[in-house]
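Undergrad: What follows is the file structure17.cif, containing mmCIF, C-alpha atoms:
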```cif
data_query
#
loop_
_atom_site.label_atom_id
_atom_site.label_comp_id
_atom_site.auth_asym_id
_atom_site.auth_seq_id
_atom_site.Cartn_x
_atom_site.Cartn_y
_atom_site.Cartn_z
CA VAL A 1 -50.59 -12.12 -36.71
CA ARG A 2 -49.35 -14.81 -39.08
CA ALA A 3 -51.86 -17.68 -39.06
CA ALA A 4 -50.24 -19.78 -41.81
CA LYS A 5 -47.84 -19.36 -44.69
CA GLY A 6 -49.04 -16.30 -46.57
CA VAL A 7 -52.06 -15.89 -44.25
CA TYR A 8 -52.27 -13.07 -41.77
CA GLY A 9 -55.09 -12.49 -39.30
CA ARG A 10 -57.72 -14.89 -37.99
CA SER A 11 -61.40 -14.66 -37.31
CA GLY A 12 -62.96 -15.52 -34.01
CA HIS A 13 -60.16 -14.16 -31.83
CA ILE A 14 -61.37 -12.36 -28.71
CA HIS A 15 -59.12 -10.35 -26.45
CA ARG A 16 -60.53 -8.66 -23.38
CA PHE A 17 -59.06 -5.64 -21.62
CA ARG A 18 -60.15 -2.94 -19.24
CA VAL A 19 -59.44 0.75 -19.37
CA GLY A 20 -59.16 2.95 -16.32
CA PRO A 21 -61.55 5.73 -15.36
CA ARG A 22 -61.75 8.93 -17.36
CA ARG A 23 -59.34 10.95 -15.22
CA ILE A 24 -58.76 14.60 -16.12
CA SER A 25 -56.76 16.86 -13.85
CA THR A 26 -56.76 20.62 -14.36
CA VAL A 27 -53.90 22.75 -13.06
CA ASP A 28 -54.81 26.43 -12.87
CA VAL A 29 -51.43 28.14 -12.52
CA ARG A 30 -52.93 31.60 -11.91
CA ARG A 31 -55.23 30.40 -9.13
CA HIS A 32 -52.61 27.95 -7.76
CA ARG A 33 -55.14 25.08 -7.73
CA MET A 34 -55.31 21.56 -9.11
CA THR A 35 -58.62 19.75 -9.58
CA VAL A 36 -58.92 16.02 -10.29
CA GLU A 37 -62.05 14.66 -11.97
CA GLU A 38 -62.88 10.99 -12.46
CA ASN A 39 -65.69 10.05 -14.83
CA GLY A 40 -66.92 13.65 -14.74
CA VAL A 41 -67.02 13.96 -10.95
CA THR A 42 -64.61 16.19 -9.00
CA VAL A 43 -62.84 13.91 -6.51
CA ARG A 44 -60.16 16.24 -5.16
CA THR A 45 -58.99 19.85 -5.30
CA THR A 46 -55.70 20.99 -3.81
CA PRO A 47 -53.43 24.05 -3.64
CA ILE A 48 -50.33 23.84 -5.84
CA SER A 49 -47.30 25.88 -6.81
CA ALA A 50 -46.11 25.89 -10.41
CA GLY A 51 -43.16 27.38 -12.30
CA LYS A 52 -41.97 30.72 -10.96
CA GLY A 53 -41.49 32.16 -14.45
CA GLY A 54 -39.14 35.06 -14.97
CA LYS A 55 -37.62 33.13 -17.83
CA ARG A 56 -38.99 30.56 -20.22
CA ALA A 57 -37.18 27.63 -18.61
CA PHE A 58 -38.91 28.27 -15.27
CA THR A 59 -42.42 28.61 -16.75
CA THR A 60 -44.74 25.61 -16.55
CA THR A 61 -46.09 24.78 -20.01
CA SER A 62 -49.81 25.32 -20.63
CA GLY A 63 -51.67 22.69 -22.60
CA ILE A 64 -52.91 19.13 -22.48
CA HIS A 65 -50.25 16.90 -20.94
CA LEU A 66 -50.52 13.14 -20.55
CA ALA A 67 -49.16 11.18 -17.60
CA MET A 68 -46.08 9.50 -19.06
CA GLY A 69 -44.73 7.57 -16.11
CA LYS A 70 -44.15 7.59 -12.38
CA SER A 71 -41.12 7.49 -10.09
CA ASP A 72 -40.90 7.18 -6.32
CA PRO A 73 -38.41 8.49 -5.55
CA ILE A 74 -36.67 10.37 -8.32
CA ILE A 75 -33.52 12.48 -8.03
CA MET A 76 -33.95 15.96 -9.51
CA THR A 77 -30.89 18.08 -10.11
CA SER A 78 -29.95 21.46 -11.55
CA ARG A 79 -27.96 19.74 -14.31
CA TRP A 80 -30.78 20.46 -16.79
CA MET A 81 -29.93 24.16 -16.55
CA GLY A 82 -26.17 23.56 -16.73
CA VAL A 83 -25.53 23.98 -13.00
CA THR A 84 -23.38 21.14 -11.63
CA ASP A 85 -21.14 22.87 -9.11
CA PRO A 86 -22.47 22.38 -5.55
CA LYS A 87 -20.94 25.76 -4.64
CA ASP A 88 -23.21 27.55 -7.13
CA PRO A 89 -26.20 29.06 -5.28
CA ARG A 90 -28.50 27.77 -8.04
CA TYR A 91 -27.34 24.17 -7.53
CA TYR A 92 -29.76 21.58 -6.21
CA LYS A 93 -30.00 17.83 -5.92
CA LYS A 94 -33.25 16.65 -4.34
CA ARG A 95 -34.78 13.27 -3.68
CA VAL A 96 -38.39 13.83 -4.72
CA ARG A 97 -41.29 11.57 -3.76
CA HIS A 98 -44.39 10.58 -5.71
CA ALA A 99 -43.48 12.14 -9.06
CA VAL A 100 -45.83 11.75 -12.06
CA GLN A 101 -44.12 12.83 -15.30
CA ILE A 102 -46.25 14.98 -17.61
CA SER A 103 -43.78 16.16 -20.29
CA ALA A 104 -40.73 14.83 -22.09
CA THR A 105 -38.66 17.78 -20.87
CA GLY A 106 -39.09 16.88 -17.22
CA GLU A 107 -42.23 18.50 -15.88
CA TYR A 108 -43.81 16.49 -13.06
CA VAL A 109 -46.63 16.68 -10.56
CA HIS A 110 -44.80 15.76 -7.34
CA GLY A 111 -44.64 16.11 -3.61
CA ALA A 112 -42.81 19.23 -2.49
CA PRO A 113 -42.69 19.61 1.29
CA TRP A 114 -40.30 22.57 0.88
CA SER A 115 -42.97 24.66 -0.90
CA VAL A 116 -46.12 23.80 1.10
CA GLU A 117 -46.32 27.36 2.47
CA SER A 118 -46.31 28.74 -1.10
CA GLN A 119 -48.83 26.24 -2.46
CA GLY A 120 -52.13 27.98 -3.08
CA ARG A 121 -50.48 31.41 -3.01
CA GLU A 122 -47.50 31.74 -5.34
CA ASN A 123 -45.52 29.91 -7.99
CA VAL A 124 -41.99 29.06 -6.85
CA SER A 125 -40.91 25.91 -8.73
CA HIS A 126 -38.54 25.45 -11.68
CA GLY A 127 -41.53 24.38 -13.81
CA CYS A 128 -42.99 21.34 -12.05
CA VAL A 129 -46.35 21.29 -10.31
CA ASN A 130 -45.57 21.16 -6.58
CA ALA A 131 -48.16 19.65 -4.24
CA SER A 132 -48.32 18.63 -0.60
CA PRO A 133 -46.77 15.23 0.19
CA ALA A 134 -50.21 13.81 1.12
CA PHE A 135 -51.84 14.93 -2.14
CA ALA A 136 -48.86 13.81 -4.23
CA GLU A 137 -48.99 10.34 -2.69
CA TRP A 138 -52.74 10.12 -3.40
CA PHE A 139 -52.32 11.38 -6.99
CA TYR A 140 -49.38 9.07 -7.62
CA ALA A 141 -51.35 6.01 -6.47
CA ARG A 142 -54.27 6.81 -8.81
CA SER A 143 -52.42 8.00 -11.91
CA LEU A 144 -52.28 5.81 -14.99
CA ARG A 145 -50.28 6.38 -18.15
CA GLY A 146 -52.31 8.50 -20.52
CA ASP A 147 -54.32 10.34 -17.85
CA ILE A 148 -54.86 13.96 -18.88
CA VAL A 149 -53.29 16.83 -16.93
CA ASN A 150 -54.50 20.07 -18.50
CA VAL A 151 -52.37 23.02 -17.41
CA THR A 152 -53.79 26.52 -17.91
CA GLY A 153 -52.70 30.06 -17.15
CA THR A 154 -49.17 30.50 -18.47
CA ASP A 155 -47.76 32.21 -21.54
CA ARG A 156 -45.62 29.18 -22.49
CA PRO A 157 -47.54 26.65 -24.60
CA LEU A 158 -46.66 22.97 -24.41
CA GLU A 159 -44.84 22.09 -27.61
CA PRO A 160 -46.62 19.44 -29.73
CA PHE A 161 -43.70 17.00 -29.48
CA ASN A 162 -43.00 17.48 -25.75
CA GLY A 163 -44.80 14.40 -24.50
CA TRP A 164 -47.15 11.74 -25.83
CA GLY A 165 -49.55 12.60 -28.58
CA TYR A 166 -50.13 15.84 -30.37
CA TRP A 167 -52.98 17.35 -28.39
CA GLN A 168 -51.60 20.87 -28.91
CA ILE A 169 -52.07 20.77 -32.69
CA PRO A 170 -55.55 21.99 -33.70
CA TRP A 171 -57.53 19.39 -35.65
CA GLU A 172 -57.65 21.62 -38.75
CA ARG A 173 -53.84 21.74 -38.81
CA TRP A 174 -53.50 18.03 -37.99
CA VAL A 175 -55.55 16.91 -41.00
CA GLN A 176 -53.45 19.11 -43.28
CA GLY A 177 -50.74 16.50 -42.81
CA SER A 178 -53.11 13.70 -43.78
CA ALA A 179 -53.01 12.05 -47.17
CA LEU A 180 -56.81 12.00 -47.03
CA ASP A 181 -57.05 15.78 -46.85
CA ARG A 182 -54.87 16.52 -49.85
CA PRO A 183 -56.20 16.34 -53.39
CA VAL A 184 -54.12 14.10 -55.61
CA LYS A 185 -52.59 16.13 -58.41
CA PRO A 186 -51.96 14.35 -61.70
CA ARG A 187 -48.31 14.06 -62.58
CA SER A 188 -47.43 15.80 -65.85
CA ASP A 189 -44.82 13.19 -66.76
CA ARG A 190 -47.38 10.36 -66.96
CA PRO A 191 -48.42 9.21 -70.38
CA ARG A 192 -51.98 10.25 -71.08
CA ARG A 193 -54.44 7.78 -72.46
#
```
For the structure just supplied, provide its representation as structure tokens.
TA:
Amino acid sequence: VRAAKGVYGRSGHIHRFRVGPRRISTVDVRRHRMTVEENGVTVRTTPISAGKGGKRAFTTTSGIHLAMGKSDPIIMTSRWMGVTDPKDPRYYKKRVRHAVQISATGEYVHGAPWSVESQGRENVSHGCVNASPAFAEWFYARSLRGDIVNVTGTDRPLEPFNGWGYWQIPWERWVQGSALDRPVKPRSDRPRR
């Protein structure tokens, strides 16, 4: 902050803010369950249905996702897979309620009344985490940007740049990109003294 000509920063400035609870949700794709913890206490567990697999595009990504935003409703279509003809049996255009986005490529935790019978038993989605309308509404109301949604149990890892942050990069690899971790090599073209 510019305080005066050529002066940046000031002492004695206080700014207060609050952070939300430590909310970590775990989606176990193999067990078809989602567990929500707040400040280390389990507050809710629910059956879910995740990506049906069969091909990479339909496999929910495993890894640490962050809640990126929310939409209620959102229109989801098959355009992402190149299907735009309503006569194509793969075509869909759905108005989806209580959707919490967890990846940049369009994975959400959302209400899915059409898959309630599969939730807790099998994975039938195109990659999103399907939940009952009641759970999705509850989760949507509580979710804040940056909340962790840790998905486990698939063979498709979340790419490091598919969301916010780089939680998928191991710390040892992350610091390799740091200027602090690299020794400075003397340049041979410098005059020596």
Undergrad: Which one is closest to Gly106 of chain A: A:Tyr166, A:Trp80, A:Phe139, A:Tyr91? Count all atoms listed in the file.
TA: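 Of A:Tyr166, A:Trp80, A:Phe139, A:Tyr91, the one nearest Gly106 of chain A, counting all atoms listed in the file, is A:Trp80.
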Undergrad: Selection in question (the file shown): the PyMOL selection byres ((chain A and resi 114) around 10). Which residues does it include, as an MDAnalysis selection string?
TA: chainID A and resid 111:113 115:119 130:133
Undergrad: For a quick check of understanding, using only C-alpha atoms, which of A:Thr152, A:Ala50, A:Arg97, A:Arg30 has the smallest distance to Trp138 of chain A?
TA: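 Ranked by minimum distance to Trp138 of chain A, first place goes to A:Arg97.
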Undergrad: Extract, using only C-alpha atoms, all DNA, RNA and protein residues at most 12 Å from Gly54 of chain A, discarding same-chain residues fewer than 4 positions from it, and format them as a list of chain:residue names.
TA: A:Phe58, A:Thr59, A:Thr60, A:Asn123, A:Val124, A:Ser125, A:His126, A:Gly127, A:Thr154, A:Asp155, A:Arg156
Undergrad: Write out, as an mmCIF file, keeping the file's coordinate frame, the residues just selected, with C-alpha atoms.
TA:
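Contents of again_2.cif, as written:
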```cif
data_model
loop_
_atom_site.group_PDB
_atom_site.id
_atom_site.type_symbol
_atom_site.label_atom_id
_atom_site.label_comp_id
_atom_site.auth_asym_id
_atom_site.auth_seq_id
_atom_site.Cartn_x
_atom_site.Cartn_y
_atom_site.Cartn_z
ATOM 1 C CA PHE A 58 -38.910 28.270 -15.270
ATOM 2 C CA THR A 59 -42.420 28.610 -16.750
ATOM 3 C CA THR A 60 -44.740 25.610 -16.550
ATOM 4 C CA ASN A 123 -45.520 29.910 -7.990
ATOM 5 C CA VAL A 124 -41.990 29.060 -6.850
ATOM 6 C CA SER A 125 -40.910 25.910 -8.730
ATOM 7 C CA HIS A 126 -38.540 25.450 -11.680
ATOM 8 C CA GLY A 127 -41.530 24.380 -13.810
ATOM 9 C CA THR A 154 -49.170 30.500 -18.470
ATOM 10 C CA ASP A 155 -47.760 32.210 -21.540
ATOM 11 C CA ARG A 156 -45.620 29.180 -22.490
#
```
Undergrad: In Å, rounded to a single decimal, give me how far atom CA of Val1 of chain A is from atom CA of Ile14 of chain A.
TA: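 Here the two named atoms are 13.4 Å from each other.
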Undergrad: Select, from A:Lys87, A:Arg173, A:His65, A:Arg22, the residue with the minimum atom-to-atom distance to Ser103 of chain A, counting only C-alpha atoms.
TA: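 Under the stated criterion, the closest residue is A:His65.
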Undergrad: One decimal, in Å: what's the spacing between atom CA of His15 of chain A and atom CA of Asp147 of chain A?
TA: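 Separation of atom CA of His15 of chain A and atom CA of Asp147 of chain A: 22.9 Å.
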Undergrad: Skipping near chain neighbours, those fewer than 4 positions away, what residues fall within 12 Å of Gly63 of chain A using all atoms listed in the file, listed as a list in words?
TA: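 In the requested format, the answer is Ser25, Thr26, Val27, Asp28, Val29, Ile102, Ser103, Ile148, Val149, Asn150, Val151, Thr152, Gly153, Thr154, Asp155, Arg156, Pro157, Leu158, Glu159, Pro160, Phe161, Asn162, Gly163, Gly165, Tyr166, Trp167, Gln168, Ile169 and Pro170 of chain A.
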Undergrad: For Ala141 of chain A, list every protein, DNA or RNA residue within 12 Å, evaluated using all atoms listed in the file, and leave out those in the same chain fewer than 2 positions away; present the list as a list in words.
TA: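 Contacts, in chain order: Gly69, Lys70, Ser71, Asp72, Arg97, His98, Ala99, Val100, His110, Ala134, Phe135, Ala136, Glu137, Trp138, Phe139, Ser143, Leu144 and Arg145 of chain A.
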Undergrad: For a quick check of understanding, using all atoms listed in the file, which of A:Thr35, A:Thr105, A:Thr77, A:Thr42 has the smallest distance to Ala57 of chain A?
TA: A:Thr105
Undergrad: In terms of the shortest atom-to-atom distance over only C-alpha atoms, which of A:Gly120, A:Gly177, A:Gly51, A:Pro86 is closest to Tyr108 of chain A?
TA: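 Of A:Gly120, A:Gly177, A:Gly51, A:Pro86, the one nearest Tyr108 of chain A is A:Gly51, counting only C-alpha atoms.
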